Amino acid sequence: MKAPLLQVENLKKYFEVPGGYLHAVDDVSFSIDSGETLGVVGESGCGKSTLGRVVLHLLDSTDGKIIFEGEDVTRVNAEKLKELRSRMQIIFQDPFSSLNPRMTVYQMISEALLISGKVPRGEIKNRVLDLMDIVGLARRFVNTYPHELDGGRRQRIGIARALSIRPDFIVCDEPVSALDVSIQAQILNLLIDIQTDTGIAYIFITHDLSVVKHISNNIIVMYLGQVVEQVASEELFTNPIHPYTKALLGAVPIPVVNYNKERILLKGELSSPVNPKPGCRFAPRCDEAQEKCFSDEPEFREILPGHIVKCHFAKP
Amino acid sequence: MSNNILSVKNLTVKYISREIGVCHAVNDVSFDVQKGETLGLVGETGAGKTTIALGIMRILQMPPARVVSGEILLDDEDLLHVPDARMRSIRGGRVSMIFQDPMTALNPIDRIGGQISEMVRLHLNLDKAQSVAKAMEMLEMVGIPGARFDDYPHQFSGGMKQRVIIAIALACKPELLLADEPTTALDVTIQAQVLNMMNELKTDLGTSMVLITHDLGVVAETCDRVAVIYAGEIVEIGAADAVFEKRSHPYTTGLFNSLPDITGGRKRLIPIAGLMPDPTALPEGCKFSPRCHLADESCTQGPVALGLESGTHFVRCLKASKNQGV
């Protein structure tokens with residue numbers, strides 16, 4: 001069997017805060033193959049962005065393994081890190097603050113090419129123009145500054161930058177959340193087309209369930225730093241098992257008038273990720289919670305083939 | 001007798017500044033809100049939705065904004081022409097507004113309870129003890145324990161803050177509530193709680209509502225009627241079920257086609273070509289024509305009027321009959 005492109009095992013990231021440790025990412029495992037998209041979905045504060053940053057080594061992990069093409073990259077030296085960086089890239093959420101306002105489109109897209117040294121200097125200009133074609137940014141914008149462009153075009157710059165050195169995978173951190181729906185659709189189509197053409201892998205982080213369903217092969221649902229359900233995309237939407245996933249799906253407003261659906265209104269809000277209590281982290285908001293849920297942490301169990309759920313009472 | 005609580009007629013608002021020139025934010029917008037109903041104003045960034053709401057409340061910053069023409073009738077009284085003092089008692093009394101961002105809409109250095117009781121003391125002529133009791137009652141109504149009366153905004157989460165803002169907006173039992181993206185900043189499970197609560201309170205108090213949103217799902221769950229806004233114009237208006245089913249205007253169709261479908265299988269999205277027009281240089285004729293696959297010369301030759309589609313459903317499009325709604 002072929003090894004996956006990226007395998008993450010028991011990854012943890014704790015931040016030291018006054019009074020203890022904030023468990024931002026707590027024991028997360030998954031793997032991604034080339035050409036695949038893993039959707040990471042959850043609400044604000046569930047640790048999904050931290051997960052993306054730890055995987056890319058923008059933040060050091062506290063514990064666990066990140067195996068990229070068979071090699072553990074959690075503790076690498078600076079030289080090795082630079083090489084890795086050229087193979088893993090990120091697209092940020094906010095196209096307004098993630099671009100340097102004092103650099104032109106040309107400077108921003110060529111920056112990584114210059115640093116990597118992979119492309120001879122004489123060819124950089126052509127490569128930049130090719131990238132602009134790929135992401136659908138008209139060549140006439142090559143000397144403009146970000147403030148002259150709208151959100152959709154700026155996000156295309158972010159994508160061109162990430163693609164410039166032909167990475168093997170990209171972490172997309174809410175890449176369409178700041179965009180209007182008509183522009184969002186353009187960017188989603190672009191990301192899918194690029195994947196079809198290049199076989200690149202994505203970790204797609206979002207809070208938007210319809211977007212994650214649209215773009216992902218597999219999905220992990222996170223709650224307070226932990227994965228609560230992990231399964232193929234279609235299955236998650238037809239057969240959600242974890243009570244949190246059910247509530248999350250039920251909460252999405254569907255653009256159909258008088259749409260009948262099962263709605264579970266969650267009580268309360270996210271509890272604190274600092275020094276979390278024993279037991280299931282979702283228990284305080286869960287209708288089905290019983291005594292055991294407040295004392296014992298549930299195991300990951302494969303309820304159906306390839307469908308993993310972290311709940312004591314999960315049934316197929 | 002009219003059954004309308006609010007009647008906006010031919011409202012035109014421009015932003016005028018030396019640097020940018022004349023920005024045509026709201027162009028000849030007319031709509032009614034009936035007693036007890038919820039009207040959704042839906043559109044993308046820059047469509048002019050918020051400007052309409054700020055215009056109704058008369059809190060547009062002038063200059064640069066200028067209300068060029070129109071009437072805003074609240075029970076036959078034109079809000080554009082009432083004296084300032086009278087407007088102050090209407091604002092927050094008969095008409096109140098919920099703003100988008102719960103993080104910045106509250107005063108960070110005032111206690112939550114004080115911010116609610118200040119409002120009721122001003123409008124309902126209550127003494128201090130009565131206003132505190134009333135504020136306490138409002139907090140409980142939006143599901144916040146009265147014990148948190150003396151807490152500051154930073155001690156609340158986003159969803160709780162939005163509840164406090166809703167409590168303030170509803171404290172004087174307004175007849176009309178303007179809600180500008182009230183749940184956009186919230187997570188979906190919290191959004192579901194807040195929308196649910198707003199629907200219940202609206203039914204209990206009989207409040208009419210104008211709900212501004214970009215989320216077609218939120219419209220489907222809360223609105224009786226909906227107006228689709230594009231480049232400062234209403235391009236389609238009617239009962240929510242009629243508009244959502246027929247999607248007569250090509251822009252409405254485009255919005256729906258851009259949405260990933262969570263209920264069905266995966267198919268390629270069909271985005272709307274191009275970008276929103278520059279509001280300082282709007283196209284001639286139909287404002288959507290440069291992005292529209294149905295447009296021809298007739299669309300750019302002059303203003304396009306709202307045409308009757310059926311019953312109370314109106315569409316501003318010469319080609320609506322050709323639009324298959326796919």
# chains A, B, ... in the order shown; residues from 1 in each chain; ligands from 1
>>> closest_atom_pairs(of="chain A", to="chain B", cutoff="7 Å", atoms="only C-alpha atoms", output="tab-separated table")
residue	atom	partner	partner_atom	distance
A:Glu43	CA	B:Asp187	CA	5.9
A:Ser44	CA	B:Asp187	CA	6.8
A:Asp180	CA	B:Glu44	CA	6.0
A:Val181	CA	B:Ser258	CA	6.0
A:Ser182	CA	B:Pro271	CA	5.2
A:Ile183	CA	B:Pro271	CA	6.9
A:Ala185	CA	B:Pro271	CA	5.2
A:Gln186	CA	B:Pro271	CA	5.5
A:Asn189	CA	B:Leu269	CA	6.8
A:Ser210	CA	B:Ile262	CA	4.7
A:Val211	CA	B:Pro260	CA	5.9
A:Lys213	CA	B:Ile262	CA	6.8
A:His214	CA	B:Arg266	CA	5.9
A:Leu248	CA	B:Thr189	CA	6.1
A:Ala251	CA	B:Thr189	CA	5.4
A:Val252	CA	B:Val188	CA	6.2
A:Pro253	CA	B:Gly217	CA	4.3
A:Ile254	CA	B:Gly217	CA	4.4
A:Pro255	CA	B:Gly217	CA	3.8
A:Val256	CA	B:Ala220	CA	5.7
A:Val257	CA	B:Ala220	CA	4.7
A:Leu265	CA	B:Gln193	CA	6.5
A:Leu266	CA	B:Thr189	CA	6.6
>>> residues_around(residues="B:Gly40", least_positions_apart="2", cutoff="7 Å", atoms="only C-alpha atoms", output="CSV table (one decimal) with all heavy atoms, in the first residue's frame")
chain,number,residue,atom,x,y,z
B,38,THR,N,-42.2,40.1,8.6
B,38,THR,CA,-40.7,40.3,8.5
B,38,THR,C,-40.4,40.4,7.0
B,38,THR,O,-40.7,39.5,6.2
B,38,THR,CB,-40.0,39.1,9.1
B,38,THR,OG1,-40.3,39.0,10.5
B,38,THR,CG2,-38.5,39.3,9.0
B,42,VAL,N,-32.0,41.4,1.0
B,42,VAL,CA,-30.9,40.5,0.8
B,42,VAL,C,-30.1,41.0,-0.4
B,42,VAL,O,-30.6,41.5,-1.4
B,42,VAL,CB,-31.3,39.1,0.6
B,42,VAL,CG1,-32.3,38.9,-0.6
B,42,VAL,CG2,-30.2,38.1,0.5
B,210,VAL,N,-37.5,44.4,9.7
B,210,VAL,CA,-36.8,44.4,8.4
B,210,VAL,C,-35.5,43.8,8.7
B,210,VAL,O,-34.7,44.2,9.6
B,210,VAL,CB,-36.5,45.9,7.9
B,210,VAL,CG1,-35.7,45.9,6.7
B,210,VAL,CG2,-37.8,46.6,7.7
B,211,LEU,N,-35.2,42.6,8.1
B,211,LEU,CA,-34.0,41.8,8.4
B,211,LEU,C,-33.1,42.0,7.2
B,211,LEU,O,-33.4,41.6,6.1
B,211,LEU,CB,-34.4,40.4,8.6
B,211,LEU,CG,-33.2,39.5,8.9
B,211,LEU,CD1,-32.8,39.6,10.4
B,211,LEU,CD2,-33.5,38.0,8.6
B,212,ILE,N,-31.9,42.6,7.5
B,212,ILE,CA,-30.9,42.7,6.4
B,212,ILE,C,-29.9,41.6,6.5
B,212,ILE,O,-29.4,41.3,7.6
B,212,ILE,CB,-30.2,44.1,6.6
B,212,ILE,CG1,-31.2,45.2,6.4
B,212,ILE,CG2,-29.0,44.2,5.7
B,212,ILE,CD1,-30.6,46.6,6.7
B,219,VAL,N,-32.8,34.1,5.4
B,219,VAL,CA,-34.1,34.7,4.8
B,219,VAL,C,-35.2,33.6,4.8
B,219,VAL,O,-36.3,33.8,5.3
B,219,VAL,CB,-33.9,35.2,3.4
B,219,VAL,CG1,-35.2,35.6,2.8
B,219,VAL,CG2,-32.9,36.4,3.4
B,223,CYS,N,-38.1,35.1,7.1
B,223,CYS,CA,-38.8,36.2,6.4
B,223,CYS,C,-40.1,35.8,5.7
B,223,CYS,O,-40.2,34.7,5.1
B,223,CYS,CB,-37.9,36.9,5.4
B,223,CYS,SG,-36.5,37.6,6.1
B,225,ARG,N,-41.6,38.1,3.5
B,225,ARG,CA,-41.4,38.6,2.1
B,225,ARG,C,-39.9,38.9,2.0
B,225,ARG,O,-39.2,39.1,3.0
B,225,ARG,CB,-42.2,39.9,1.9
B,225,ARG,CG,-43.7,39.6,1.8
B,225,ARG,CD,-44.5,40.7,1.1
B,225,ARG,NE,-44.2,41.9,1.9
B,225,ARG,CZ,-43.9,43.1,1.3
B,225,ARG,NH1,-43.8,43.2,0.0
B,225,ARG,NH2,-43.7,44.2,2.0
B,226,VAL,N,-39.4,39.1,0.8
B,226,VAL,CA,-38.0,39.4,0.6
B,226,VAL,C,-37.8,40.3,-0.6
B,226,VAL,O,-38.6,40.3,-1.6
B,226,VAL,CB,-37.2,38.1,0.4
B,226,VAL,CG1,-37.7,37.3,-0.8
B,226,VAL,CG2,-35.7,38.3,0.3
B,227,ALA,N,-36.9,41.3,-0.4
B,227,ALA,CA,-36.5,42.2,-1.5
B,227,ALA,C,-35.0,41.9,-1.8
B,227,ALA,O,-34.2,41.9,-0.9
B,227,ALA,CB,-36.7,43.6,-1.1
>>> residues_around(residues="A:Leu59", least_positions_apart="6", cutoff="12 Å", atoms="only C-alpha atoms", output="PDB file with N, CA and C atoms, in the first residue's frame")
ATOM      1  N   LYS A  12      -0.654  17.394  19.278  1.00  0.00           N
ATOM      2  CA  LYS A  12      -1.138  18.244  20.364  1.00  0.00           C
ATOM      3  C   LYS A  12      -0.469  19.599  20.289  1.00  0.00           C
ATOM      4  N   LYS A  13      -1.243  20.624  20.587  1.00  0.00           N
ATOM      5  CA  LYS A  13      -0.665  21.954  20.747  1.00  0.00           C
ATOM      6  C   LYS A  13      -1.334  22.604  21.942  1.00  0.00           C
ATOM      7  N   TYR A  14      -0.540  22.796  23.014  1.00  0.00           N
ATOM      8  CA  TYR A  14      -1.050  23.485  24.196  1.00  0.00           C
ATOM      9  C   TYR A  14      -0.371  24.849  24.279  1.00  0.00           C
ATOM     10  N   PHE A  15      -1.122  25.855  24.659  1.00  0.00           N
ATOM     11  CA  PHE A  15      -0.534  27.165  24.918  1.00  0.00           C
ATOM     12  C   PHE A  15      -0.529  27.390  26.424  1.00  0.00           C
ATOM     13  N   ALA A  24      -5.439  23.782  22.641  1.00  0.00           N
ATOM     14  CA  ALA A  24      -5.967  24.249  21.361  1.00  0.00           C
ATOM     15  C   ALA A  24      -6.163  23.089  20.394  1.00  0.00           C
ATOM     16  N   VAL A  25      -5.180  22.200  20.352  1.00  0.00           N
ATOM     17  CA  VAL A  25      -5.296  21.005  19.519  1.00  0.00           C
ATOM     18  C   VAL A  25      -4.941  19.843  20.432  1.00  0.00           C
ATOM     19  N   SER A  49      -7.830  26.512  13.087  1.00  0.00           N
ATOM     20  CA  SER A  49      -6.743  27.303  12.500  1.00  0.00           C
ATOM     21  C   SER A  49      -5.403  26.953  13.125  1.00  0.00           C
ATOM     22  N   THR A  50      -5.395  26.741  14.437  1.00  0.00           N
ATOM     23  CA  THR A  50      -4.163  26.328  15.107  1.00  0.00           C
ATOM     24  C   THR A  50      -3.669  25.015  14.510  1.00  0.00           C
ATOM     25  N   LEU A  51      -4.593  24.097  14.258  1.00  0.00           N
ATOM     26  CA  LEU A  51      -4.219  22.822  13.649  1.00  0.00           C
ATOM     27  C   LEU A  51      -3.489  23.058  12.324  1.00  0.00           C
ATOM     28  N   GLY A  52      -4.046  23.913  11.478  1.00  0.00           N
ATOM     29  CA  GLY A  52      -3.419  24.201  10.188  1.00  0.00           C
ATOM     30  C   GLY A  52      -2.019  24.754  10.354  1.00  0.00           C
ATOM     31  N   ARG A  53      -1.857  25.654  11.315  1.00  0.00           N
ATOM     32  CA  ARG A  53      -0.558  26.277  11.522  1.00  0.00           C
ATOM     33  C   ARG A  53       0.460  25.294  12.102  1.00  0.00           C
ATOM     34  N   THR A  74       8.391  16.968  12.840  1.00  0.00           N
ATOM     35  CA  THR A  74       8.089  17.824  13.987  1.00  0.00           C
ATOM     36  C   THR A  74       9.323  18.484  14.579  1.00  0.00           C
ATOM     37  N   ARG A  75      10.458  17.827  14.486  1.00  0.00           N
ATOM     38  CA  ARG A  75      11.670  18.443  15.049  1.00  0.00           C
ATOM     39  C   ARG A  75      12.737  18.470  13.956  1.00  0.00           C
TER      40      ARG A  75
END
>>> residues_around(residues="A:Tyr21", least_positions_apart="5", cutoff="9 Å", atoms="only C-alpha atoms", output="ChimeraX atom specification")
/A:14-16,273-276
>>> write_last_selection(atoms="N, CA, C and O atoms", output="PDB file, in the first residue's frame")
ATOM      1  N   TYR A  14      -0.540  22.796  23.014  1.00  0.00           N
ATOM      2  CA  TYR A  14      -1.050  23.485  24.196  1.00  0.00           C
ATOM      3  C   TYR A  14      -0.371  24.849  24.279  1.00  0.00           C
ATOM      4  O   TYR A  14       0.818  24.971  23.996  1.00  0.00           O
ATOM      5  N   PHE A  15      -1.122  25.855  24.659  1.00  0.00           N
ATOM      6  CA  PHE A  15      -0.534  27.165  24.918  1.00  0.00           C
ATOM      7  C   PHE A  15      -0.529  27.390  26.424  1.00  0.00           C
ATOM      8  O   PHE A  15      -1.530  27.122  27.093  1.00  0.00           O
ATOM      9  N   GLU A  16       0.593  27.908  26.931  1.00  0.00           N
ATOM     10  CA  GLU A  16       0.636  28.209  28.356  1.00  0.00           C
ATOM     11  C   GLU A  16      -0.077  29.538  28.592  1.00  0.00           C
ATOM     12  O   GLU A  16       0.244  30.540  27.950  1.00  0.00           O
ATOM     13  N   PRO A 273     -11.359  26.106  26.904  1.00  0.00           N
ATOM     14  CA  PRO A 273     -10.356  25.108  26.529  1.00  0.00           C
ATOM     15  C   PRO A 273      -9.158  25.113  27.477  1.00  0.00           C
ATOM     16  O   PRO A 273      -8.208  24.369  27.258  1.00  0.00           O
ATOM     17  N   VAL A 274      -9.193  25.949  28.517  1.00  0.00           N
ATOM     18  CA  VAL A 274      -8.090  25.968  29.480  1.00  0.00           C
ATOM     19  C   VAL A 274      -8.353  24.886  30.523  1.00  0.00           C
ATOM     20  O   VAL A 274      -9.418  24.848  31.133  1.00  0.00           O
ATOM     21  N   ASN A 275      -7.369  24.020  30.732  1.00  0.00           N
ATOM     22  CA  ASN A 275      -7.488  22.893  31.667  1.00  0.00           C
ATOM     23  C   ASN A 275      -8.848  22.209  31.575  1.00  0.00           C
ATOM     24  O   ASN A 275      -9.620  22.223  32.532  1.00  0.00           O
ATOM     25  N   PRO A 276      -9.188  21.627  30.443  1.00  0.00           N
ATOM     26  CA  PRO A 276     -10.522  21.048  30.281  1.00  0.00           C
ATOM     27  C   PRO A 276     -10.792  19.957  31.317  1.00  0.00           C
ATOM     28  O   PRO A 276      -9.884  19.256  31.746  1.00  0.00           O
TER      29      PRO A 276
END
>>> atom_distance(atom1="atom CA of A:Lys315", atom2="atom CA of A:Cys46")
24.4 Å
>>> closest_residue(among="B:Ser17, B:Ser248, B:Thr280, B:Gln115", to="B:Gly46", atoms="only C-alpha atoms")
B:Thr280
>>> select_by_dssp(residues="stretch 41-246 of chain B", states="strand (DSSP E)", output="PyMOL selection string")
chain B and resi 41-42+65-74+77-78+95-98+176-180+208-213+225-230+233-239
>>> residues_around(residues="stretch 3-15 of chain B", least_positions_apart="5", cutoff="6 Å", atoms="only C-alpha atoms", output="list in words")
Val22, Cys23, His24, Ala25, Val26, Asn27, Asp28, Val29, Ser30, Phe31, Asp32, Val33, Gln34, Lys35, Pro64, Ala65, Arg66, Val67, Val68, Ser69, Gly70, Glu71, Ile72, Leu73, Leu74 and Asp75 of chain B
>>> residues_around(residues="stretch 283-299 of chain B", least_positions_apart="2", cutoff="10 Å", atoms="only C-alpha atoms", output="PDB file with C-alpha atoms, in the first residue's frame")
ATOM      1  CA  TYR B 230     -28.421  44.974  -6.367  1.00  0.00           C
ATOM      2  CA  ALA B 231     -26.412  48.168  -6.867  1.00  0.00           C
ATOM      3  CA  GLY B 232     -28.812  50.194  -4.737  1.00  0.00           C
ATOM      4  CA  GLU B 233     -31.970  49.000  -6.486  1.00  0.00           C
ATOM      5  CA  VAL B 235     -34.386  43.956  -8.501  1.00  0.00           C
ATOM      6  CA  HIS B 249     -34.348  37.979 -11.862  1.00  0.00           C
ATOM      7  CA  PRO B 250     -31.102  36.675 -13.376  1.00  0.00           C
ATOM      8  CA  TYR B 251     -29.218  38.112 -10.375  1.00  0.00           C
ATOM      9  CA  GLY B 254     -27.076  33.756  -9.957  1.00  0.00           C
ATOM     10  CA  ILE B 272     -22.005  35.219 -11.549  1.00  0.00           C
ATOM     11  CA  ALA B 273     -19.567  36.571 -14.133  1.00  0.00           C
ATOM     12  CA  GLY B 274     -17.742  39.800 -13.371  1.00  0.00           C
ATOM     13  CA  LEU B 275     -17.985  42.092 -10.368  1.00  0.00           C
ATOM     14  CA  MET B 276     -20.399  44.538  -8.739  1.00  0.00           C
ATOM     15  CA  PRO B 277     -20.465  47.816 -10.674  1.00  0.00           C
ATOM     16  CA  ASP B 278     -18.659  50.837  -9.278  1.00  0.00           C
ATOM     17  CA  PRO B 279     -21.362  52.850  -7.474  1.00  0.00           C
ATOM     18  CA  THR B 280     -19.837  56.095  -8.725  1.00  0.00           C
ATOM     19  CA  ALA B 281     -20.293  54.996 -12.350  1.00  0.00           C
ATOM     20  CA  GLN B 301     -31.335  51.808 -23.317  1.00  0.00           C
ATOM     21  CA  GLY B 302     -33.076  53.280 -20.324  1.00  0.00           C
ATOM     22  CA  PRO B 303     -34.217  52.666 -16.790  1.00  0.00           C
ATOM     23  CA  VAL B 304     -35.934  49.316 -16.296  1.00  0.00           C
ATOM     24  CA  ALA B 305     -39.102  49.456 -14.198  1.00  0.00           C
ATOM     25  CA  ARG B 316     -36.968  44.557 -12.534  1.00  0.00           C
ATOM     26  CA  CYS B 317     -35.946  42.756 -15.717  1.00  0.00           C
ATOM     27  CA  LEU B 318     -36.939  42.913 -19.382  1.00  0.00           C
ATOM     28  CA  LYS B 319     -35.939  39.305 -19.927  1.00  0.00           C
ATOM     29  CA  ALA B 320     -37.493  37.761 -16.818  1.00  0.00           C
ATOM     30  CA  LYS B 322     -36.826  34.108 -20.627  1.00  0.00           C
ATOM     31  CA  ASN B 323     -35.074  33.310 -17.363  1.00  0.00           C
TER      32      ASN B 323
END
>>> residues_around(residues="A:Glu229", least_positions_apart="6", cutoff="6 Å", atoms="only C-alpha atoms", output="ChimeraX atom specification")
/A:220-221,308-309
